[in-house]
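J.: I have a structure I would like to understand better, so I am pasting it below and will then ask my questions one at a time.
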Amino acid sequence: MLEIINQVFSIQLKSNKENLTLFNRNIDRINHELESLGYHVINPIGQTYRNEMTDVEANITGDFNEQMKIVKVLKPVVYKKTNDQNTLVQKGIVIVE
């Protein structure tokens, strides 16, 4: 299932980059189905990066400081809800500047 989530995420990134709104409805429907299966997909782009973050693996460019932001997301953060408990099933892979 993670491979499907990652592929949908990649398609969404590429279509957004090219301003292709043609696929938005389809991608939204797929994301809705994933949520109904208990998956919560998070795109942390733009968030301030903190060294304490345990749900992302970061490649840091430049000198580390407190104002660093996540500028690119290679893989999203994925949680799965089972029996009212969220479990991290994939750490996000991000670029931080």
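Every chain in the structure tokens takes a letter, A first, then B, and so on in the order presented; its residues are numbered from 1, and the ligands are numbered from 1 following the presented order.
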Counting only C-alpha atoms, what is within 10 Å of Asn86 (chain A), bar same-chain residues fewer than 4 positions away, as a VMD selection string?

T.: chain A and resid 38 to 40 78 to 82

J.: Could you pull the residues within 8 Å of Thr48 (chain A), counting only C-alpha atoms, minus those fewer than 6 positions along the same chain, as an MDAnalysis selection string?

T.: chainID A and resid 66:70

J.: Grab the CA of Glu57 (chain A) to CA of Ile11 (chain A) distance for me, in Å with one decimal place.

T.: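 Taking CA of Glu57 (chain A) as the start and CA of Ile11 (chain A) as the end point, the length is 21.3 Å.
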
J.: Would you please extract all strand (DSSP E) residues from chain A, as assigned by DSSP on the backbone, and give them as JSON, numbers by chain?

T.: {"A": [39, 40, 41, 42, 56, 57, 58, 59, 60, 70, 71, 72, 73, 74, 75, 77, 78, 79, 80, 81, 82, 85, 86, 87, 88, 89, 90, 92, 93, 94, 95, 96]}

J.: Which one of A:Val56, A:Ile30, A:Met1, A:Val41 sits closest to Val94 (chain A) if you count only C-alpha atoms?

T.: A:Val56

J.: From the DSSP assignment of the backbone, select every residue of chain A that is alpha helix (DSSP H), and format the answer as a count of residues only.

T.: 29

J.: Nearest to Leu37 (chain A): which of A:Ile5, A:Leu13, A:Asn24, A:Phe64 is it, counting only C-alpha atoms?

T.: A:Ile5
